[in-house]
$ cat structure_12.csv   # CSV, C-alpha atoms and all ligand atoms
chain,number,residue,atom,x,y,z
Z,44,MET,CA,18.2,282.3,-62.1
Z,45,ASN,CA,16.8,285.1,-64.3
Z,46,SER,CA,17.7,288.8,-63.6
Z,47,LYS,CA,14.6,289.4,-61.5
Z,48,GLY,CA,15.5,286.4,-59.3
Z,49,LEU,CA,19.1,287.6,-59.1
Z,50,ASN,CA,18.0,291.1,-58.1
Z,51,LYS,CA,15.7,289.7,-55.4
Z,52,ALA,CA,18.5,287.6,-54.0
Z,53,LYS,CA,20.8,290.6,-54.1
Z,54,LEU,CA,18.3,292.8,-52.2
Z,55,GLU,CA,17.7,290.1,-49.6
Z,56,LYS,CA,21.4,289.7,-49.0
Z,57,LEU,CA,22.0,293.4,-48.7
Z,58,THR,CA,18.9,293.9,-46.4
Z,59,ASP,CA,20.1,291.1,-44.1
Z,60,LYS,CA,23.6,292.6,-43.9
Z,61,ILE,CA,22.3,296.0,-42.9
Z,62,TYR,CA,19.8,294.4,-40.5
Z,63,GLN,CA,22.7,292.7,-38.8
Z,64,ASN,CA,25.1,295.6,-38.9
Z,65,PRO,CA,23.7,299.0,-39.8
Z,66,SER,CA,27.1,300.6,-40.3
Z,67,ILE,CA,27.2,298.6,-43.6
Z,68,PHE,CA,24.7,301.2,-44.9
Z,69,LEU,CA,27.4,303.8,-45.0
Z,70,GLU,CA,29.4,301.7,-47.4
Z,71,ILE,CA,26.8,300.9,-50.0
Z,72,ASN,CA,27.0,302.4,-53.5
Z,73,GLN,CA,24.4,304.5,-55.3
Z,74,ASP,CA,22.9,301.5,-57.1
Z,75,GLU,CA,22.4,299.6,-53.9
Z,76,LEU,CA,20.8,302.7,-52.2
Z,77,ALA,CA,18.4,303.0,-55.2
Z,78,MET,CA,17.6,299.3,-54.9
Z,79,LEU,CA,16.8,299.7,-51.2
Z,80,ILE,CA,14.7,302.8,-51.6
Z,81,THR,CA,12.7,301.3,-54.5
Z,82,ALA,CA,12.0,298.2,-52.4
Z,83,VAL,CA,10.8,300.1,-49.3
Z,84,MET,CA,8.7,302.5,-51.4
Z,85,LYS,CA,6.9,299.5,-53.0
Z,86,ILE,CA,5.6,299.0,-49.5
Z,87,THR,CA,4.9,302.6,-48.4
Z,88,LYS,CA,3.4,303.7,-51.7
Z,89,LEU,CA,0.5,301.3,-51.0
Z,90,GLN,CA,-0.1,302.7,-47.6
Z,91,ARG,CA,-2.8,305.4,-47.3
Z,92,LYS,CA,-2.4,308.6,-45.2
Z,93,LEU,CA,-4.0,306.8,-42.3
Z,94,ILE,CA,-3.0,303.1,-41.8
Z,95,ASP,CA,-4.9,300.6,-39.8
Z,96,LEU,CA,-3.1,298.4,-37.3
Z,97,PRO,CA,-4.5,295.3,-35.7
Z,98,ARG,CA,-5.0,294.6,-32.0
Z,99,LYS,CA,-1.6,293.3,-31.1
Z,100,ASP,CA,1.3,294.2,-28.7
Z,101,ILE,CA,2.7,297.2,-30.5
Z,102,LEU,CA,5.8,299.2,-29.5
Z,103,ILE,CA,5.7,302.9,-30.5
Z,104,ALA,CA,9.0,304.7,-30.6
Z,105,GLY,CA,9.0,308.5,-30.4
Z,106,ASP,CA,11.6,310.8,-31.9
Z,107,ILE,CA,14.9,308.8,-32.6
Z,108,HIS,CA,17.0,311.6,-34.1
Z,109,GLY,CA,20.0,309.5,-34.9
Z,110,ASP,CA,20.0,307.5,-31.7
Z,111,LEU,CA,21.0,304.1,-33.1
Z,112,THR,CA,21.1,302.4,-29.6
Z,113,GLN,CA,17.4,303.1,-29.0
Z,114,LEU,CA,16.4,302.2,-32.5
Z,115,LYS,CA,18.2,298.9,-32.2
Z,116,ARG,CA,16.5,298.3,-28.8
Z,117,ALA,CA,13.1,298.7,-30.4
Z,118,ILE,CA,14.0,296.2,-33.2
Z,119,SER,CA,15.5,293.7,-30.7
Z,120,LEU,CA,12.3,293.8,-28.6
Z,121,TYR,CA,10.5,292.8,-31.9
Z,122,ASN,CA,13.2,290.2,-32.8
Z,123,ASN,CA,12.8,288.6,-29.4
Z,124,LYS,CA,9.0,288.5,-29.8
Z,125,ILE,CA,8.4,290.7,-26.8
Z,126,VAL,CA,6.2,292.8,-29.1
Z,127,ASP,CA,4.5,291.9,-32.3
Z,128,MET,CA,4.9,295.2,-34.1
Z,129,VAL,CA,6.9,298.4,-34.0
Z,130,VAL,CA,5.8,301.8,-35.1
Z,131,PHE,CA,8.4,304.6,-35.5
Z,132,ASN,CA,6.4,307.7,-35.0
Z,133,GLY,CA,8.5,310.2,-37.0
Z,134,ASP,CA,11.8,312.2,-36.6
Z,135,VAL,CA,14.1,309.2,-37.1
Z,136,ILE,CA,16.7,311.5,-38.7
Z,137,ASP,CA,18.5,314.8,-38.0
Z,138,ARG,CA,20.4,316.1,-35.0
Z,139,GLY,CA,22.0,312.8,-33.7
Z,140,PRO,CA,25.3,311.4,-35.0
Z,141,GLU,CA,24.1,308.1,-36.4
Z,142,MET,CA,21.1,309.3,-38.4
Z,143,LEU,CA,22.2,307.5,-41.6
Z,144,GLU,CA,22.7,304.2,-39.8
Z,145,CYS,CA,19.2,304.7,-38.2
Z,146,ILE,CA,17.4,305.3,-41.4
Z,147,GLY,CA,19.4,302.4,-43.1
Z,148,LEU,CA,18.4,300.0,-40.3
Z,149,LEU,CA,14.8,301.1,-40.4
Z,150,ILE,CA,14.5,300.7,-44.2
Z,151,ALA,CA,16.1,297.2,-43.9
Z,152,ALA,CA,13.6,296.3,-41.1
Z,153,MET,CA,10.7,297.5,-43.2
Z,154,ILE,CA,11.7,295.5,-46.2
Z,155,LYS,CA,12.3,292.4,-44.1
Z,156,HIS,CA,9.1,292.7,-42.0
Z,157,PRO,CA,6.7,294.8,-44.1
Z,158,LYS,CA,3.6,293.7,-42.1
Z,159,ASP,CA,5.2,294.4,-38.6
Z,160,ILE,CA,7.5,297.5,-38.9
Z,161,PHE,CA,6.0,300.9,-39.7
Z,162,TYR,CA,7.2,304.4,-40.1
Z,163,ILE,CA,5.0,307.5,-39.6
Z,164,ARG,CA,6.1,310.9,-40.9
Z,165,GLY,CA,7.4,313.5,-38.5
Z,166,ASN,CA,8.3,317.1,-39.2
Z,167,HIS,CA,12.0,316.1,-39.8
Z,168,GLU,CA,10.8,313.9,-42.7
Z,169,LEU,CA,9.9,317.2,-44.4
Z,170,GLU,CA,12.6,318.5,-46.7
Z,171,SER,CA,12.2,322.1,-45.4
Z,172,ILE,CA,13.4,320.7,-42.0
Z,173,ASN,CA,15.9,318.0,-42.9
Z,174,SER,CA,17.7,320.3,-45.3
Z,175,VAL,CA,18.6,322.4,-42.2
Z,176,TYR,CA,19.1,320.1,-39.2
Z,177,GLY,CA,21.9,317.8,-40.5
Z,178,PHE,CA,20.4,315.1,-42.8
Z,179,ARG,CA,21.2,316.9,-46.0
Z,180,GLY,CA,24.9,317.3,-45.2
Z,181,TYR,CA,25.4,313.8,-44.0
Z,182,CYS,CA,23.4,312.3,-46.8
Z,183,THR,CA,25.0,314.3,-49.5
Z,184,GLN,CA,28.4,313.4,-48.2
Z,185,PHE,CA,27.7,309.6,-48.4
Z,186,PHE,CA,25.2,309.3,-51.3
Z,187,GLY,CA,25.4,312.6,-53.2
Z,188,TYR,CA,22.6,315.1,-53.7
Z,189,ASP,CA,20.8,312.5,-55.9
Z,190,GLY,CA,20.8,310.1,-52.9
Z,191,TYR,CA,19.4,312.9,-50.7
Z,192,LEU,CA,16.6,313.5,-53.2
Z,193,GLN,CA,15.7,309.7,-53.2
Z,194,PHE,CA,15.2,309.9,-49.5
Z,195,GLN,CA,12.8,312.8,-50.0
Z,196,HIS,CA,10.8,310.7,-52.4
Z,197,PHE,CA,10.6,308.0,-49.8
Z,198,PHE,CA,9.5,310.4,-47.0
Z,199,GLU,CA,6.8,311.7,-49.3
Z,200,THR,CA,5.2,308.2,-49.3
Z,201,LEU,CA,5.1,307.8,-45.5
Z,202,PRO,CA,1.7,307.7,-43.8
Z,203,LEU,CA,0.7,310.6,-41.5
Z,204,ALA,CA,-1.1,308.6,-38.8
Z,205,ALA,CA,-2.2,305.1,-37.7
Z,206,LYS,CA,-5.3,303.8,-36.0
Z,207,ILE,CA,-5.0,300.8,-33.8
Z,208,ASP,CA,-8.0,298.5,-34.1
Z,209,ASP,CA,-11.1,300.6,-33.0
Z,210,PHE,CA,-9.5,302.3,-29.9
Z,211,GLY,CA,-6.0,303.9,-30.5
Z,212,PHE,CA,-4.5,306.7,-32.6
Z,213,ILE,CA,-0.9,307.5,-33.4
Z,214,CYS,CA,0.6,310.5,-35.0
Z,215,HIS,CA,3.8,312.6,-34.6
Z,216,GLY,CA,2.2,315.9,-33.5
Z,217,GLY,CA,-1.4,316.0,-32.5
Z,218,ILE,CA,-5.0,316.6,-33.4
Z,219,PRO,CA,-5.8,319.3,-36.0
Z,220,THR,CA,-8.3,322.1,-35.7
Z,221,ASP,CA,-10.6,320.2,-38.0
Z,222,THR,CA,-11.3,317.4,-35.6
Z,223,ILE,CA,-13.5,315.2,-37.9
Z,224,PHE,CA,-11.1,315.1,-40.9
Z,225,PHE,CA,-9.8,311.7,-40.7
Z,226,HIS,CA,-12.6,309.4,-41.9
Z,227,LEU,CA,-11.4,310.5,-45.4
Z,228,MET,CA,-7.7,310.0,-44.8
Z,229,ARG,CA,-8.1,306.2,-44.8
Z,230,LEU,CA,-9.0,306.5,-48.5
Z,231,GLU,CA,-6.5,309.2,-49.5
Z,232,LEU,CA,-3.3,308.5,-51.3
Z,233,LYS,CA,-0.3,310.7,-50.6
Z,234,LYS,CA,-0.2,312.4,-53.9
Z,235,ASN,CA,0.6,315.9,-52.6
Z,236,GLU,CA,2.9,317.1,-49.9
Z,237,PRO,CA,1.1,318.3,-46.7
Z,238,VAL,CA,0.3,322.0,-47.2
Z,239,GLN,CA,1.2,324.3,-44.3
Z,240,GLY,CA,-1.7,324.6,-41.9
Z,241,SER,CA,-3.7,321.7,-43.4
Z,242,SER,CA,-5.0,318.8,-41.3
Z,243,GLY,CA,-2.1,316.6,-42.5
Z,244,TRP,CA,0.4,319.4,-41.6
Z,245,GLN,CA,-1.1,319.8,-38.1
Z,246,LEU,CA,-1.0,316.0,-37.4
Z,247,ILE,CA,2.8,316.3,-37.9
Z,248,TRP,CA,3.3,319.6,-36.0
Z,249,ASN,CA,0.6,320.2,-33.2
Z,250,ASP,CA,1.3,319.9,-29.5
Z,251,PRO,CA,-1.0,319.2,-26.5
Z,252,ASP,CA,-1.1,321.9,-23.8
Z,253,THR,CA,-3.2,321.6,-20.6
Z,254,ARG,CA,-3.2,325.4,-20.2
Z,255,VAL,CA,-4.9,325.9,-23.6
Z,256,LYS,CA,-8.7,325.8,-23.8
Z,257,THR,CA,-9.3,325.0,-27.5
Z,258,PHE,CA,-6.5,325.9,-29.9
Z,259,ILE,CA,-3.8,328.6,-29.9
Z,260,GLN,CA,-1.1,329.4,-32.5
Z,261,SER,CA,2.1,327.5,-31.6
Z,262,HIS,CA,5.7,328.8,-31.3
Z,263,ARG,CA,6.6,326.2,-33.9
Z,264,GLY,CA,5.4,328.4,-36.7
Z,265,GLU,CA,2.6,329.4,-38.9
Z,266,GLY,CA,-0.1,326.7,-39.4
Z,267,CYS,CA,0.9,324.9,-36.2
Z,268,TYR,CA,-1.3,324.9,-33.1
Z,269,LYS,CA,-1.4,323.9,-29.5
Z,270,PHE,CA,-4.6,322.0,-28.5
Z,271,GLY,CA,-6.3,321.7,-25.1
Z,272,ARG,CA,-8.6,319.3,-23.4
Z,273,LYS,CA,-11.9,320.3,-25.0
Z,274,PRO,CA,-11.0,319.6,-28.7
Z,275,PHE,CA,-9.1,316.5,-27.6
Z,276,ASP,CA,-12.1,315.1,-25.9
Z,277,GLU,CA,-14.3,316.0,-28.9
Z,278,PHE,CA,-11.8,314.2,-31.2
Z,279,MET,CA,-11.7,311.1,-29.1
Z,280,ARG,CA,-15.5,311.0,-28.6
Z,281,PHE,CA,-16.3,311.6,-32.2
Z,282,HIS,CA,-13.9,308.9,-33.4
Z,283,GLU,CA,-14.7,306.6,-30.4
Z,284,LEU,CA,-11.1,306.4,-29.4
Z,285,ASP,CA,-9.6,305.5,-25.9
Z,286,ILE,CA,-5.9,306.2,-26.3
Z,287,PHE,CA,-3.6,308.6,-28.3
Z,288,ILE,CA,0.1,308.3,-28.7
Z,289,ARG,CA,2.3,311.1,-30.0
Z,290,ALA,CA,6.0,312.2,-30.0
Z,291,HIS,CA,7.6,315.5,-31.1
Z,292,THR,CA,8.3,317.0,-27.7
Z,293,ALA,CA,11.6,316.4,-25.8
Z,294,TYR,CA,10.4,316.5,-22.2
Z,295,ARG,CA,13.4,316.0,-19.8
Z,296,GLU,CA,11.8,312.9,-18.4
Z,297,GLY,CA,11.2,311.6,-21.9
Z,298,TYR,CA,7.4,311.4,-21.7
Z,299,ARG,CA,4.4,313.1,-20.4
Z,300,TRP,CA,0.8,312.0,-19.8
Z,301,PHE,CA,-2.0,314.3,-20.7
Z,302,PHE,CA,-5.8,314.5,-20.4
Z,303,ASP,CA,-6.6,311.8,-17.7
Z,304,ASN,CA,-3.8,309.6,-19.1
Z,305,LYS,CA,-5.6,309.3,-22.5
Z,306,LEU,CA,-2.7,310.9,-24.3
Z,307,LEU,CA,0.9,309.8,-24.0
Z,308,SER,CA,3.8,311.8,-25.4
Z,309,VAL,CA,7.0,309.8,-25.8
Z,310,PHE,CA,10.5,310.7,-26.9
Z,311,SER,CA,13.1,308.0,-27.6
Z,312,SER,CA,16.4,309.9,-28.3
Z,313,ASN,CA,19.3,310.3,-25.9
Z,314,VAL,CA,22.0,311.7,-28.2
Z,315,GLY,CA,23.2,315.0,-29.6
Z,316,PRO,CA,21.1,317.9,-28.1
Z,317,TYR,CA,18.9,315.3,-26.2
Z,318,GLN,CA,21.6,313.8,-24.0
Z,319,HIS,CA,19.7,315.2,-21.0
Z,320,VAL,CA,16.5,313.4,-22.0
Z,321,LYS,CA,15.5,310.0,-20.7
Z,322,PRO,CA,14.4,307.9,-23.7
Z,323,ASN,CA,11.1,306.0,-23.6
Z,324,PHE,CA,8.8,303.9,-25.7
Z,325,ALA,CA,5.1,303.4,-25.5
Z,326,VAL,CA,3.6,300.0,-25.7
Z,327,VAL,CA,-0.1,299.3,-26.5
Z,328,THR,CA,-1.1,295.8,-25.6
Z,329,ARG,CA,-3.6,293.6,-27.3
Z,330,GLU,CA,-5.8,294.2,-24.2
Z,331,ALA,CA,-5.9,297.9,-25.3
Z,332,ASP,CA,-3.7,298.8,-22.3
Z,333,LEU,CA,-1.3,301.7,-22.8
Z,334,ARG,CA,2.1,301.5,-21.0
Z,335,LEU,CA,5.2,303.5,-20.8
Z,336,ILE,CA,8.5,301.6,-21.2
Z,337,LYS,CA,11.9,303.0,-20.3
Z,338,CYS,CA,14.1,302.3,-23.3
Z,339,ASN,CA,16.8,300.7,-21.1
Z,340,THR,CA,14.3,298.3,-19.6
Z,341,ILE,CA,14.8,295.6,-22.2
Z,342,SER,CA,12.3,293.1,-20.9
Z,343,ILE,CA,8.6,294.0,-21.0
Z,344,GLN,CA,6.5,291.6,-19.0
Z,345,LYS,CA,3.7,290.2,-21.1
Z,346,LYS,CA,0.5,289.5,-19.2
J,401,MN,MN,9.1,316.5,-34.3
$ encode --input "structure_12.csv" --output "C-alpha cells" --more "lines below"
Ligand SMILES: [Mn+2]
Amino acid sequence: MNSKGLNKAKLEKLTDKIYQNPSIFLEINQDELAMLITAVMKITKLQRKLIDLPRKDILIAGDIHGDLTQLKRAISLYNNKIVDMVVFNGDVIDRGPEMLECIGLLIAAMIKHPKDIFYIRGNHELESINSVYGFRGYCTQFFGYDGYLQFQHFFETLPLAAKIDDFGFICHGGIPTDTIFFHLMRLELKKNEPVQGSSGWQLIWNDPDTRVKTFIQSHRGEGCYKFGRKPFDEFMRFHELDIFIRAHTAYREGYRWFFDNKLLSVFSSNVGPYQHVKPNFAVVTREADLRLIKCNTISIQKK
C-alpha cells in the first residue's frame, strides 16, 4: 500500500472508532485531529452558503450544546434507517459538558456519510462566541490553541442555510431584513466571514416574534433582528416555500410553532443551563410533511 492508501486506511479506522465511541476523540493526538479536520473540510469546502437537499425523510436537530445523548439519538435514528438524512442546525458546541465528544462524533459522522449528514452554522460556530462560552477552554486543554484554531477554520467552511427540494428552508436563526437575498447564496462560496448585520449574519442570529409587525432590533445585539408575520409571509411567497425550520431559542417546551405552523423552532439540548428544556427534533418527510419529534421518542413511525 502506498502512503496515500495508508493514510486513507488510518482515517477510516480512526473515524470508525470515534463513530462507535465518541470519547475516543478526547484521546487523539494533534496529527490525528489535523487529519480529521482536513478530511471533513474537504467536504464542507465544496458546499456553498446555501445547500440543496433532496425530498427525503430528514431529521433536523436544533441546538445540541454539548448534549451527547441527543446527538447520539439523532445519529442512531439515521443508523436504524428511520430517517434518510440528518441536519445539525448549528450550536453543537459550547455550554454543555460533552461538547468535544459531540463535535468529534459529528465530524466522524460527516466523514463517514458525507451525502447524508450535514452541519449548518449557528452563532456558537463563530469565534467571537465560542471563545467566551466554553469551547475555547475545553478545546485548548485537549488540543492546544492550534487545535482550537483548526476548528475555527472548519466552522468558517460551514453552510449558512439549506433548502429542501422546492418547499423547505433551514437555518439557525431566521429570515434577514433583505428577504430576497438567497437566490445568489446558492452560487456563493464562503470566502469571507459573515459581516455583522449582513444577510448571512442575520440567518444565524434572527428570531421570529408574533408581536412584531416587520422587523425590530433584537436583544441579541447589533445587526440582529426579530421578524414578524408580514416579512415571513413575503419571504415564503417570494421563494415559493411551505415550511421553515430554525433553532436558536431555548423554549422551556423545547419547540414552538409560528405563523400558522409554517415555521417550527426546535431546540435539542437538555444539559448544562438547558436542563429544564425538553429536547426535540424536527422531521421533514418526503411527503413534505413537517413533524415535531420528542428526542426521547426513539421510534418515528414512517407512513
Ligand atoms: Mn444560537
$ residues_around --input "structure_12.csv" --residues "stretch 71-77 of chain Z" --least-positions-apart "3" --cutoff "8 Å" --atoms "only C-alpha atoms" --output "list in words"
Ile67, Phe68, Ile80, Thr81, Phe186, Gly190 and Gln193 of chain Z
$ closest_residue --input "structure_12.csv" --among "Z:Ser312, Z:Thr222, Z:Ser242, Z:Asn339" --to "Z:Phe281" --atoms "only C-alpha atoms"
Z:Thr222
$ closest_residue --input "structure_12.csv" --among "Z:Lys115, Z:Lys269, Z:Arg254, Z:Lys92" --to "Z:Cys145" --atoms "only C-alpha atoms"
Z:Lys115
$ residues_around --input "structure_12.csv" --residues "Z:Gly147" --least-positions-apart "6" --cutoff "12 Å" --atoms "only C-alpha atoms" --output "NGL selection string"
:Z and (57-71 or 75-76 or 79-80 or 83 or 109 or 111 or 114-115 or 135-136 or 141 or 153-154 or 182 or 194)
$ residues_near_ligand --input "structure_12.csv" --ligand "ligand MN 401 (chain J)" --cutoff "10 Å" --atoms "all atoms listed in the file" --output "list in words"
Gly105, Asp106, Ile107, His108, Asn132, Gly133, Asp134, Val135, Arg164, Gly165, Asn166, His167, Glu168, Ile172, His215, Gly216, Ile247, Trp248, Asn249, Asp250, Arg289, Ala290, His291, Thr292, Ala293 and Phe310 of chain Z
$ closest_residue --input "structure_12.csv" --among "Z:Gly139, Z:Pro237, Z:Gly48, Z:Pro322" --to "Z:Phe198" --atoms "only C-alpha atoms"
Z:Pro237
$ closest_residue --input "structure_12.csv" --among "Z:Tyr268, Z:Leu149, Z:Tyr162, Z:Ala205" --to "Z:Asp252" --atoms "only C-alpha atoms"
Z:Tyr268
$ atom_distance --input "structure_12.csv" --atom1 "atom CA of Z:Asp159" --atom2 "atom CA of Z:Pro202"
14.7 Å
$ atom_distance --input "structure_12.csv" --atom1 "atom CA of Z:Glu283" --atom2 "atom CA of Z:Lys206"
11.3 Å
$ closest_residue --input "structure_12.csv" --among "Z:Glu144, Z:Met84, Z:Ile163, Z:Ile259" --to "Z:Phe178" --atoms "all atoms listed in the file"
Z:Glu144
$ atom_distance --input "structure_12.csv" --atom1 "atom CA of Z:His156" --atom2 "atom CA of Z:Lys124"
12.9 Å
$ closest_residue --input "structure_12.csv" --among "Z:Ala52, Z:Leu169, Z:Cys338, Z:Ile94" --to "Z:Cys214" --atoms "only C-alpha atoms"
Z:Ile94
$ residues_around --input "structure_12.csv" --residues "stretch 298-303 of chain Z" --least-positions-apart "6" --cutoff "8 Å" --atoms "all atoms listed in the file" --output "list in words"
Pro251, Thr253, Arg272, Val309, Phe310 and Asn323 of chain Z
$ residues_around --input "structure_12.csv" --residues "Z:Met128" --least-positions-apart "4" --cutoff "12 Å" --atoms "all atoms listed in the file" --output "ChimeraX atom specification"
/Z:96-104,117-124,152-153,156-162,207,325-329
$ closest_atom_pairs --input "structure_12.csv" --of "stretch 229-307 of chain Z" --to "stretch 316-320 of chain Z" --cutoff "7 Å" --atoms "only C-alpha atoms" --output "tab-separated table"
residue	atom	partner	partner_atom	distance
Z:Ala293	CA	Z:Val320	CA	6.9
Z:Tyr294	CA	Z:Val320	CA	6.8
Z:Arg295	CA	Z:Val320	CA	4.6
Z:Glu296	CA	Z:Val320	CA	5.9
Z:Gly297	CA	Z:Val320	CA	5.6
$ residues_around --input "structure_12.csv" --residues "Z:Gln245" --least-positions-apart "4" --cutoff "7 Å" --atoms "only C-alpha atoms" --output "list in words"
Gly216, Gly217, Ile218, Pro219, Gly240, Ser241, Asn249 and Cys267 of chain Z
$ write_last_selection --input "structure_12.csv" --atoms "C-alpha atoms" --output "JSON list (two decimals), keeping the file's coordinate frame"
[["chain", "number", "residue", "atom", "x", "y", "z"],
["Z", 216, "GLY", "CA", 2.20, 315.90, -33.50],
["Z", 217, "GLY", "CA", -1.40, 316.00, -32.50],
["Z", 218, "ILE", "CA", -5.00, 316.60, -33.40],
["Z", 219, "PRO", "CA", -5.80, 319.30, -36.00],
["Z", 240, "GLY", "CA", -1.70, 324.60, -41.90],
["Z", 241, "SER", "CA", -3.70, 321.70, -43.40],
["Z", 249, "ASN", "CA", 0.60, 320.20, -33.20],
["Z", 267, "CYS", "CA", 0.90, 324.90, -36.20]]
